[in-house]
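Working notes, structure below.
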Amino acid sequence: MRILVLNPPAFRHQDYIREGRCMQIKSSWAALWMPLSLCYIAAVLRNNGNQVRLIDAIAEKLNTEKLVGIAGSFGPELIIVNTAIPSIEGDMECAAALKKNMPSVKIAVVGIFPTIYRSECLARFVHIDYAVMDEPEWVSASLPDVIAGIQPADSVRGLIYRMGNEVIVNERQDLSKNNLDDLPFPARDLLDNDSYRLPTNDRKFTLLSVGRGCSAGCIYCLANIYYGKKFRWRSVQKITEEIEQCINEFGIDNFLFWGESFTTDMKYGEEICDEIIRKGFQITWSTTSRVDTLNPVLLEKMKKAGCILLGLGIESYDQNVLDKSRKGITTGQIDKAVQMVKQAGLNTMGHFMFGLPGDTRETAMKSIRFACRNVTYAQFYAAIPYPQTELGRIASENGWVEETDYSHFELTRSVMGNGNLSAREIQKLRNFAYRKFYFRPKMFIQTIREVTSLSSFLSIMNFMRWIKPKKR
């Protein structure tokens with residue numbers, strides 16, 4: 001079967017990152033991420049004997065009109081479309097244009113949107129034939145047989161489909177049984193890997209999966225909804241073989257190790273580092289961690305293995321806010337983790353969130369002051385009341401949700417109050433936090449030191465322009 005796997009074009013002139021639970025505009029990271037999940041889907045389908053084309057319309061700077069022409073020349077029988085909540089209107093406009101040009105093509109969507117909105121996805125967007133809940137590779141692999149009538153649709157867990165005028169939502173996948181080592185390496189050969197570059201040194205980089213799932217109970221997060229509550233490891237051998245392939249076949253030696261927490265199992269993290277060191281890979285990489293899963297031995301090995309930056313999920317520097325959010329950490333653990341990371345010689349990316357239950361102007365300012373004193377870089381988000389999360393339930397019951405436009409459900413924009421602050425006040429605090437953090441003389445000096453080329457300078461300037469508050 002001819003299958004097109006698609007990351008749709010920019011929406012309202014904004015490039016979006018659509019990678020599992022991570023849905024935000026490109027400018028918030030100053031870099032475009034390669035579509036890792038789509039590369040996995042393409043690899044699985046190709047291994048099953050299908051003729052597959054992968055298009056990242058954002059990386060290729062394609063608008064819908066050009067994309068429709070390219071897709072028509074390929075003549076797919078199935079198109080799998082990546083989605084994100086804030087870009088869903090544009091994603092579906094693109095899908096509708098493809099369907100209009102190719103009426104017989106079957107269209108399936110993957111991503112967080114169908115995972116949390118389920119039947120509404122097909123009920124609202126009538127040109128969509130199938131939708132996939134949760135991680136998409138195993139369900140997508142069954143679609144060609146479903147379309148060909150070889151496998152009944154009701155036998156595929158995680159699939160949403162039409163039966164006449166009715167939308168059928170199958171039982172969800174048992175994610176704990178999805179063995180990540182069964183997946184082939186992502187089909188990076190179907191991408192233009194030169195399109196994905198770090199903002200400071202302009203070097204190619206890629207996402208590399210280390211594991212999926214999260215056992216934490218944070219009330220705002222989609223991770224354990226999309227990937228499950230059990231952390232599933234990839235084998236150290238698979239990870240290092242993929243690193244070797246990236247170096248030798250694609251000339252990539254910069255990585256974002258993608259997973260809910262590289263340090264969920266500290267022994268596992270050490271084993272990955274030990275193997276990278278043993279093989280003598282000359283790579284640089286960054287990853288993320290909870291603050292309560294670190295120790296000096298692991299951090300020292302990470303540094304030796306090429307880690308240069310560690311993202312820390314801090315969210316708030318107020319204990320009451322942390323407790324109400326069920327973050328499961330203390331401010332003391334935050335202090336200790338930041339100090340350990342500094343002592344190991346690694347840069348820190350602190351992740352903070354405004355508007356969580358209990359957050360006030362005073363607690364937000366406490367987080368901002370902590371960020372300015374303690375972390376190398378910072379991301380400041382607005383809490384989003386996603387359906388199926390505990391925060392979504394609390395916000396709905398308390399009447400906190402002030403906007404329902406999907407395009408506003410983006411971590412850089414506040415759509416809810418929290419009883420103490422309005423959405424507008426939360427937005428102002430977030431905008432202030434970015435200006436306070438990044439417009440300090442220290443950050444200007446640091447930025448100048450990191451710039452290595454004109455393109456990296458332009459990327460950073462684009463990020464700085466994005467920091468400016470938008471009118472509401």
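Starting from 1 in every chain, residues are counted up; chains themselves are A, B, ... following the order of the structure tokens, and ligands are numbered from 1 as listed.
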Could you build a table of the residues in range 206-239 of chain A lying no more than 10 Å from range 108-112 of chain A, giving for each the nearest pair of atoms and their separation in Å rounded to one decimal place, using only C-alpha atoms, ordered by chain and ascending residue number, as a tab-separated table?
```
residue	atom	partner	partner_atom	distance
A:Leu222	CA	A:Ile112	CA	8.3
A:Ala223	CA	A:Ile112	CA	9.9
A:Ile225	CA	A:Ile112	CA	9.1
A:Tyr226	CA	A:Ile112	CA	7.0
```
(Q) Considering only helix (DSSP H, G or I) as DSSP defines it on the backbone, what residues of range 174-240 of chain A qualify? List them as a ChimeraX atom specification. (A) /A:175-177,180-182,188-190,193-195,223-226,236-240
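The spacing separating CA of Asn165 in chain A from CA of Asp145 in chain A amounts to 21.9 Å.
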Hey, what's within 8 Å of range 101-104 of chain A if we count only C-alpha atoms and toss same-chain stuff fewer than 5 positions away? As a compact mmCIF listing (two decimals) with C-alpha atoms, in the first residue's frame, please?
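Result file follows (result_1.txt):
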```
# COMPACT_ATOMS: atom_id res chain seq x y z
CA VAL A 68 -1.64 18.73 -2.04
CA GLY A 72 -1.34 13.91 -5.50
CA GLU A 77 -4.05 5.11 -0.54
```
(Q) Can you pull out the residues contacting Asn248 in chain A? Cut-off 12 Å, using only C-alpha atoms, and skip same-chain residues under 6 positions away; I want them as an MDAnalysis selection string. (A) chainID A and resid 241:242 281:282
Q | Those of range 63-212 of chain A in DSSP strand (DSSP E or B), formatted as a count of residues only | A | 32
Within 12 Å of range 390-404 of chain A, which residues of range 338-366 of chain A come that close, and what is the closest atom pair and distance in Å for each? Count only C-alpha atoms and give it as JSON lines.
```
{"residue": "A:Gly355", "atom": "CA", "partner": "A:Trp400", "partner_atom": "CA", "distance": 10.4}
{"residue": "A:Leu356", "atom": "CA", "partner": "A:Leu391", "partner_atom": "CA", "distance": 8.2}
{"residue": "A:Pro357", "atom": "CA", "partner": "A:Leu391", "partner_atom": "CA", "distance": 8.3}
```
Q.
Which residues are close to Asp174 in chain A, i.e. within 9 Å by only C-alpha atoms, leaving aside same-chain residues fewer than 5 positions away? Reply as a VMD selection string.
A. chain A and resid 157 to 158 228
Q: Considering only C-alpha atoms, state which residue in the set A:Val132, A:Val291, A:Ile329, A:Ile314 is at the smallest distance from Gly217 in chain A.
A: A:Ile329
Q: Write out as a PyMOL selection string which residues come within 6 Å of Lys230 in chain A when counting only C-alpha atoms, dropping same-chain ones fewer than 6 positions away.
A: chain A and resi 213-215
May I have the residues within 10 Å of Ile160 in chain A as a compact mmCIF listing (two decimals) with C-alpha atoms, in the first residue's frame, using only C-alpha atoms and disregarding those fewer than 6 positions away in the same chain?
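Full text of out_21.txt as output:
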```
# COMPACT_ATOMS: atom_id res chain seq x y z
CA ALA A 108 -5.99 8.68 9.79
CA VAL A 109 -4.88 11.07 12.52
CA PRO A 114 -7.59 11.97 19.18
CA THR A 115 -6.22 10.49 22.40
CA ARG A 118 -11.71 10.44 21.06
CA SER A 119 -15.12 10.20 19.34
CA CYS A 121 -12.33 13.85 16.67
CA LEU A 122 -14.23 11.95 13.96
CA ASP A 129 -11.69 8.02 8.48
CA TYR A 130 -9.59 6.76 11.40
CA ALA A 131 -8.02 8.11 14.57
CA VAL A 132 -5.40 6.57 16.83
CA MET A 133 -5.42 6.86 20.61
CA ALA A 153 -11.43 -2.73 12.61
CA ASP A 154 -13.00 -3.78 15.91
CA VAL A 167 -18.23 6.63 15.44
CA ILE A 168 -16.78 3.55 17.13
CA VAL A 169 -14.16 3.90 19.87
CA ASN A 170 -12.33 0.63 20.50
CA GLU A 171 -10.79 -0.41 23.78
CA ARG A 172 -7.53 1.41 24.45
```
Q: Could you check which of A:Lys303, A:Arg188, A:Arg290, A:Arg373 is closest to Ile276 in chain A, using only C-alpha atoms?
A: A:Lys303
Q) Quick one: of A:Gly251, A:Gly259, A:Pro9, A:Pro387, who's nearest to Phe205 in chain A, counting only C-alpha atoms? A) A:Gly251
**Q.** Å distance separating CA of Tyr406 in chain A from CA of Glu260 in chain A, one decimal place
**A.** 24.6 Å
